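Source file target.cif; content: mmCIF, C-alpha atoms.
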data_start
loop_
_atom_site.label_atom_id
_atom_site.label_comp_id
_atom_site.auth_asym_id
_atom_site.auth_seq_id
_atom_site.Cartn_x
_atom_site.Cartn_y
_atom_site.Cartn_z
CA MET A 1 -19.55 7.91 -2.98
CA VAL A 2 -22.30 9.07 -5.29
CA THR A 3 -21.75 11.08 -8.46
CA ASN A 4 -23.39 11.72 -11.81
CA ASN A 5 -20.02 12.55 -13.40
CA LEU A 6 -18.91 9.45 -15.32
CA GLU A 7 -15.26 10.51 -15.54
CA PHE A 8 -15.10 11.24 -11.82
CA ALA A 9 -16.68 7.84 -11.09
CA ARG A 10 -14.12 6.12 -13.36
CA LYS A 11 -11.23 7.84 -11.59
CA ALA A 12 -12.65 7.00 -8.15
CA ARG A 13 -12.99 3.31 -9.06
CA LEU A 14 -9.44 3.35 -10.34
CA PHE A 15 -8.14 5.07 -7.20
CA ARG A 16 -9.85 2.56 -4.86
CA SER A 17 -8.01 -0.35 -6.51
CA HIS A 18 -4.35 0.74 -6.52
CA GLY A 19 -4.84 2.54 -9.86
CA VAL A 20 -4.81 -0.86 -11.57
CA ILE A 21 -6.28 -1.30 -15.06
CA LYS A 22 -7.18 -4.87 -16.13
CA LYS A 23 -9.50 -4.46 -19.13
CA LYS A 24 -7.57 -5.24 -22.31
CA GLU A 25 -9.16 -2.35 -24.21
CA ASP A 26 -7.95 0.14 -21.54
CA LEU A 27 -4.35 -1.14 -21.32
CA MET A 28 -1.49 0.87 -22.79
CA ASP A 29 0.33 -2.41 -23.56
CA SER A 30 -2.26 -4.81 -24.94
CA SER A 31 0.30 -7.29 -26.29
CA GLN A 32 0.52 -9.22 -23.01
CA GLY A 33 -1.58 -12.22 -21.95
CA ALA A 34 -4.88 -12.26 -20.06
CA TRP A 35 -3.02 -12.02 -16.73
CA PHE A 36 -1.61 -8.59 -17.50
CA GLN A 37 -2.57 -5.47 -15.59
CA GLU A 38 -1.16 -1.96 -15.41
CA VAL A 39 -0.91 0.71 -12.76
CA GLN A 40 -1.77 3.80 -14.75
CA SER A 41 -2.28 6.22 -11.86
CA LEU A 42 -1.75 6.57 -8.12
CA GLY A 43 -4.24 4.66 -6.01
CA LEU A 44 -4.81 2.85 -2.74
CA ASN A 45 -6.65 -0.27 -1.61
CA TYR A 46 -10.12 0.85 -0.55
CA ARG A 47 -11.80 -2.47 -1.24
CA MET A 48 -13.47 -4.11 1.72
CA SER A 49 -12.15 -7.52 2.71
CA ASP A 50 -14.52 -10.50 2.95
CA LEU A 51 -13.91 -10.64 6.69
CA LEU A 52 -14.90 -7.00 7.17
CA ALA A 53 -17.96 -7.46 4.96
CA ARG A 54 -19.10 -10.41 7.11
CA LEU A 55 -18.46 -8.45 10.30
CA GLY A 56 -20.38 -5.47 8.90
CA SER A 57 -23.36 -7.68 7.94
CA ASN A 58 -23.52 -8.99 11.49
CA GLN A 59 -23.22 -5.52 13.03
CA ILE A 60 -26.03 -4.10 10.86
CA ARG A 61 -28.45 -6.64 12.38
CA ARG A 62 -27.55 -5.26 15.83
CA ILE A 63 -27.67 -1.56 15.00
CA ALA A 64 -30.94 -0.81 16.83
CA LYS A 65 -29.52 -2.39 20.00
CA PHE A 66 -26.28 -0.40 19.69
CA ARG A 67 -28.19 2.85 19.16
CA SER A 68 -30.35 2.17 22.22
CA GLN A 69 -27.32 1.38 24.40
CA ARG A 70 -25.47 4.50 23.23
CA ALA A 71 -28.55 6.63 23.88
CA LYS A 72 -28.57 5.32 27.46
CA VAL A 73 -24.87 6.18 27.88
CA PHE A 74 -25.56 9.65 26.45
CA ALA A 75 -28.46 10.18 28.87
CA GLU A 76 -26.43 8.95 31.84
CA TYR A 77 -23.57 11.32 31.06
CA GLY A 78 -26.14 14.10 30.85
CA ARG A 79 -27.60 13.26 34.26
CA GLU A 80 -24.17 12.94 35.89
CA LEU A 81 -22.81 16.20 34.46
CA ALA A 82 -25.96 18.34 34.20
CA SER A 83 -25.20 20.49 37.23
CA THR A 84 -21.44 20.68 36.76
CA HIS A 85 -20.31 24.27 36.41
CA GLY A 86 -17.66 24.74 33.75
CA VAL A 87 -18.71 21.83 31.51
CA THR A 88 -20.83 22.43 28.41
CA LEU A 89 -22.75 19.34 27.34
CA PRO A 90 -23.81 18.23 23.86
CA HIS A 91 -27.45 18.66 22.95
CA SER A 92 -29.74 16.00 21.52
CA ASP A 93 -33.05 16.89 19.93
CA GLU A 94 -35.94 14.78 21.21
CA ASP A 95 -36.95 13.87 17.64
CA SER A 96 -33.50 12.84 16.43
CA LYS A 97 -32.05 9.40 16.93
CA PRO A 98 -28.30 9.83 16.46
CA MET A 99 -25.83 6.99 16.78
CA TRP A 100 -23.59 8.74 19.29
CA HIS A 101 -19.99 7.82 18.57
CA LEU A 102 -18.54 10.57 20.78
CA TYR A 103 -19.59 12.44 23.88
CA PRO A 104 -18.01 15.85 23.19
CA VAL A 105 -18.02 18.19 26.17
CA ARG A 106 -16.55 21.67 26.22
CA VAL A 107 -14.50 23.24 28.97
CA GLU A 108 -12.72 26.56 29.26
CA PRO A 109 -9.89 26.59 26.69
CA VAL A 110 -7.35 27.65 29.33
CA ASP A 111 -8.20 24.51 31.34
CA ARG A 112 -8.50 21.96 28.52
CA ARG A 113 -4.89 20.74 28.42
CA ARG A 114 -4.77 20.22 32.20
CA ILE A 115 -8.15 18.46 32.21
CA PHE A 116 -7.21 16.28 29.23
CA ASP A 117 -3.88 15.31 30.80
CA GLY A 118 -5.54 14.63 34.17
CA LEU A 119 -8.19 12.35 32.64
CA THR A 120 -5.52 10.54 30.62
CA ALA A 121 -3.37 10.09 33.75
CA ALA A 122 -6.44 8.58 35.46
CA GLY A 123 -6.60 5.94 32.71
CA ILE A 124 -9.56 7.48 30.88
CA LEU A 125 -9.25 7.34 27.10
CA VAL A 126 -10.29 10.83 26.09
CA GLN A 127 -9.62 12.58 22.79
CA VAL A 128 -9.90 16.02 21.26
CA ASN A 129 -11.87 15.98 18.02
CA TYR A 130 -12.86 18.35 15.29
CA ILE A 131 -9.57 20.13 14.64
CA PRO A 132 -10.58 22.76 12.05
CA VAL A 133 -9.40 21.55 8.65
CA ASN A 134 -8.13 25.00 7.67
CA SER A 135 -5.68 24.97 10.58
CA HIS A 136 -3.72 21.96 9.26
CA PRO A 137 -0.40 22.73 7.54
CA TYR A 138 -1.43 21.28 4.17
CA PHE A 139 -4.56 23.40 3.91
CA ARG A 140 -2.71 26.50 5.09
CA SER A 141 -0.09 25.82 2.39
CA ILE A 142 -2.74 25.95 -0.33
CA GLY A 143 -4.18 29.21 0.92
CA TYR A 144 -6.75 28.48 3.60
CA ASP A 145 -6.71 31.01 6.42
CA PRO A 146 -6.78 29.34 9.86
CA ASN A 147 -8.67 32.36 11.21
CA SER A 148 -11.49 32.18 8.64
CA THR A 149 -13.67 29.88 10.78
CA PRO A 150 -13.81 31.47 14.24
CA ARG A 151 -16.77 29.38 15.45
CA ALA A 152 -15.05 26.11 14.52
CA LYS A 153 -11.89 27.29 16.29
CA GLU A 154 -13.90 28.33 19.35
CA PHE A 155 -15.54 24.90 19.51
CA TYR A 156 -12.25 23.06 19.03
CA ASP A 157 -10.35 25.12 21.63
CA GLY A 158 -12.48 23.79 24.48
CA GLU A 159 -13.59 20.35 23.23
CA ILE A 160 -12.81 17.02 24.93
CA SER A 161 -14.50 13.77 23.84
CA LEU A 162 -15.33 11.42 26.69
CA PRO A 163 -15.45 7.65 26.07
CA MET A 164 -18.62 6.59 24.26
CA PHE A 165 -19.47 3.04 23.26
CA ALA A 166 -22.42 0.71 23.62
CA GLY A 167 -20.91 -1.42 26.39
CA LEU A 168 -19.77 1.44 28.64
CA ARG A 169 -20.81 0.44 32.16
CA HIS A 170 -22.60 2.57 34.75
CA ALA A 171 -19.63 2.35 37.14
CA ASP A 172 -17.26 3.56 34.41
CA ILE A 173 -19.48 6.53 33.55
CA LYS A 174 -19.66 7.48 37.25
CA ARG A 175 -15.86 7.30 37.54
CA ILE A 176 -15.28 9.32 34.36
CA CYS A 177 -17.67 12.02 35.56
CA ARG A 178 -16.17 12.05 39.04
CA GLU A 179 -12.65 12.51 37.64
CA LEU A 180 -13.84 15.25 35.29
CA LYS A 181 -15.59 17.14 38.09
CA VAL A 182 -12.42 17.06 40.20
CA LEU A 183 -10.41 18.57 37.34
CA VAL A 184 -12.83 21.31 36.30
CA PRO A 185 -12.34 24.54 38.28
CA ASN A 186 -15.48 25.13 40.35
CA GLY A 187 -16.91 21.92 38.96
CA ASN A 188 -19.19 21.62 41.96
CA PRO A 189 -22.79 20.55 41.56
CA GLY A 190 -25.43 23.21 41.86
CA HIS A 191 -24.40 25.39 38.92
CA PRO A 192 -26.22 24.51 35.70
CA SER A 193 -24.02 23.99 32.66
CA ASN A 194 -24.64 25.31 29.19
CA VAL A 195 -25.72 23.04 26.40
CA PHE A 196 -24.39 23.30 22.85
#

Can you give me the file's structure in the form of structure tokens?
Amino acid sequence: MVTNNLEFARKARLFRSHGVIKKKEDLMDSSQGAWFQEVQSLGLNYRMSDLLARLGSNQIRRIAKFRSQRAKVFAEYGRELASTHGVTLPHSDEDSKPMWHLYPVRVEPVDRRRIFDGLTAAGILVQVNYIPVNSHPYFRSIGYDPNSTPRAKEFYDGEISLPMFAGLRHADIKRICRELKVLVPNGNPGHPSNVF
């Protein structure tokens, strides 16, 4: 988090550490010993553990390799599904170098549930992502209209995320694509798909 608001930064630091105050000058009860601390507000534990920090340091050294492997998976999905009617593929700009963490395809909204359930039944770990925030009960309860973002809703209604990770094997990608093509109505090769 980055901010130039000192009070916001203070509250964020407090929130990340259970709301605990340790500095004697900030305590409401300063009569206690040096061990004393107070929870003055609601907070959670957002501090990174030493183990996760070490793991992260190691992963950062391998980031270029991970990006390259994911780009290959992305390209292979694109080749396998390029001529599949009824499947809209994600677009990647030639100049960008994203770290693909999902492979979101779009299908007809009326078919999504059946396709999702069929892929899941075949042992493929798919997911639906990008549920519009304004459609969640909490945000509706504070006044957000679920119909105020029609493009986000349109995207969400037909989205399915296929497995995407650096170690995804060629044989697995072929199987995922084969299962998807079987489930998509008229998913026969020869009909170019759209790209979003």

Given all atoms listed in the file, how would the per-residue table for segment 85-138 of chain A near segment 162-183 of chain A read, listing every residue at most 8 Å away with its closest atom pair and distance in Å to one decimal, sorted by chain and number, as CSV?
residue,atom,partner,partner_atom,distance
A:Trp100,CA,A:Met164,CA,7.4
A:His101,CA,A:Met164,CA,6.0
A:Leu102,CA,A:Met164,CA,5.3
A:Tyr103,CA,A:Leu162,CA,5.2
A:Pro104,CA,A:Leu162,CA,6.2
A:Val105,CA,A:Leu162,CA,7.3
A:Arg114,CA,A:Leu183,CA,7.8
A:Ile115,CA,A:Leu183,CA,5.6
A:Gly118,CA,A:Leu183,CA,7.0
A:Leu119,CA,A:Glu179,CA,6.7
A:Ala122,CA,A:Glu179,CA,7.7
A:Ile124,CA,A:Ile176,CA,6.9
A:Leu125,CA,A:Pro163,CA,6.3
A:Val126,CA,A:Leu162,CA,5.1
A:Gln127,CA,A:Leu162,CA,7.0

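Under the PyMOL selection byres ((chain A and resi 135) around 10), the matching residues in the shown file are A:Ile131, A:Pro132, A:Val133, A:Asn134, A:His136, A:Pro137, A:Tyr138, A:Phe139, A:Arg140, A:Ser141, A:Tyr144, A:Asp145, A:Pro146, A:Asn147, A:Ser148, A:Thr149, A:Lys153.
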
Atomic separation - atom CA of Gly123 of chain A relative to atom CA of Leu89 of chain A, Å: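 Distance reported for this atom pair: 21.7 Å.
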
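Those residues that approach Leu27 of chain A to within 9 Å, counting all atoms listed in the file, are Ile21, Lys22, Lys23, Lys24, Glu25, Asp29, Ser30, Phe36, Gln37, Glu38 and Gln40 of chain A; same-chain residues fewer than 2 positions away are not listed.
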
Separation of atom CA of Glu159 of chain A from atom CA of Lys97 of chain A, in Å and rounded to one decimal: 22.4 Å

Given all atoms listed in the file as the counted atoms, nearest of A:Asn129, A:Asn45, A:Thr120, A:Ser161 to His18 of chain A: A:Asn45

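The space separating atom CA of Pro98 of chain A from atom CA of Gln59 of chain A comes to 16.5 Å.
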
Regenerate segment 154-172 of chain A at the level of N, CA and C atoms and dump it as a PDB file, keeping the file's coordinate frame.
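Written out: rebuild_38.pdb:
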ATOM      1  N   GLU A 154     -13.378  28.182  17.985  1.00  0.00           N
ATOM      2  CA  GLU A 154     -13.900  28.330  19.350  1.00  0.00           C
ATOM      3  C   GLU A 154     -14.372  26.991  19.903  1.00  0.00           C
ATOM      4  N   PHE A 155     -15.077  26.221  19.077  1.00  0.00           N
ATOM      5  CA  PHE A 155     -15.540  24.900  19.510  1.00  0.00           C
ATOM      6  C   PHE A 155     -14.341  24.003  19.817  1.00  0.00           C
ATOM      7  N   TYR A 156     -13.411  23.928  18.884  1.00  0.00           N
ATOM      8  CA  TYR A 156     -12.250  23.060  19.030  1.00  0.00           C
ATOM      9  C   TYR A 156     -11.423  23.413  20.266  1.00  0.00           C
ATOM     10  N   ASP A 157     -11.229  24.677  20.532  1.00  0.00           N
ATOM     11  CA  ASP A 157     -10.350  25.120  21.630  1.00  0.00           C
ATOM     12  C   ASP A 157     -10.764  24.592  22.998  1.00  0.00           C
ATOM     13  N   GLY A 158     -12.037  24.264  23.175  1.00  0.00           N
ATOM     14  CA  GLY A 158     -12.480  23.790  24.480  1.00  0.00           C
ATOM     15  C   GLY A 158     -13.048  22.381  24.480  1.00  0.00           C
ATOM     16  N   GLU A 159     -12.947  21.653  23.360  1.00  0.00           N
ATOM     17  CA  GLU A 159     -13.590  20.350  23.230  1.00  0.00           C
ATOM     18  C   GLU A 159     -12.739  19.211  23.779  1.00  0.00           C
ATOM     19  N   ILE A 160     -13.393  18.293  24.495  1.00  0.00           N
ATOM     20  CA  ILE A 160     -12.810  17.020  24.930  1.00  0.00           C
ATOM     21  C   ILE A 160     -13.889  15.953  24.712  1.00  0.00           C
ATOM     22  N   SER A 161     -13.544  14.864  24.053  1.00  0.00           N
ATOM     23  CA  SER A 161     -14.500  13.770  23.840  1.00  0.00           C
ATOM     24  C   SER A 161     -14.294  12.706  24.909  1.00  0.00           C
ATOM     25  N   LEU A 162     -15.357  12.461  25.665  1.00  0.00           N
ATOM     26  CA  LEU A 162     -15.330  11.420  26.690  1.00  0.00           C
ATOM     27  C   LEU A 162     -15.605  10.061  26.022  1.00  0.00           C
ATOM     28  N   PRO A 163     -15.195   8.971  26.658  1.00  0.00           N
ATOM     29  CA  PRO A 163     -15.450   7.650  26.070  1.00  0.00           C
ATOM     30  C   PRO A 163     -16.932   7.433  25.795  1.00  0.00           C
ATOM     31  N   MET A 164     -17.232   6.860  24.644  1.00  0.00           N
ATOM     32  CA  MET A 164     -18.620   6.590  24.260  1.00  0.00           C
ATOM     33  C   MET A 164     -18.650   5.307  23.437  1.00  0.00           C
ATOM     34  N   PHE A 165     -19.239   4.266  24.000  1.00  0.00           N
ATOM     35  CA  PHE A 165     -19.470   3.040  23.260  1.00  0.00           C
ATOM     36  C   PHE A 165     -20.611   2.290  23.928  1.00  0.00           C
ATOM     37  N   ALA A 166     -21.204   1.383  23.173  1.00  0.00           N
ATOM     38  CA  ALA A 166     -22.420   0.710  23.620  1.00  0.00           C
ATOM     39  C   ALA A 166     -22.253  -0.039  24.941  1.00  0.00           C
ATOM     40  N   GLY A 167     -21.104  -0.622  25.182  1.00  0.00           N
ATOM     41  CA  GLY A 167     -20.910  -1.420  26.390  1.00  0.00           C
ATOM     42  C   GLY A 167     -20.344  -0.660  27.578  1.00  0.00           C
ATOM     43  N   LEU A 168     -20.319   0.656  27.526  1.00  0.00           N
ATOM     44  CA  LEU A 168     -19.770   1.440  28.640  1.00  0.00           C
ATOM     45  C   LEU A 168     -20.656   1.249  29.875  1.00  0.00           C
ATOM     46  N   ARG A 169     -20.056   0.796  30.955  1.00  0.00           N
ATOM     47  CA  ARG A 169     -20.810   0.440  32.160  1.00  0.00           C
ATOM     48  C   ARG A 169     -21.117   1.660  33.031  1.00  0.00           C
ATOM     49  N   HIS A 170     -22.165   1.525  33.822  1.00  0.00           N
ATOM     50  CA  HIS A 170     -22.600   2.570  34.750  1.00  0.00           C
ATOM     51  C   HIS A 170     -21.455   2.994  35.669  1.00  0.00           C
ATOM     52  N   ALA A 171     -20.735   2.035  36.222  1.00  0.00           N
ATOM     53  CA  ALA A 171     -19.630   2.350  37.140  1.00  0.00           C
ATOM     54  C   ALA A 171     -18.535   3.139  36.440  1.00  0.00           C
ATOM     55  N   ASP A 172     -18.283   2.829  35.160  1.00  0.00           N
ATOM     56  CA  ASP A 172     -17.260   3.560  34.410  1.00  0.00           C
ATOM     57  C   ASP A 172     -17.699   4.997  34.142  1.00  0.00           C
TER      58      ASP A 172
END
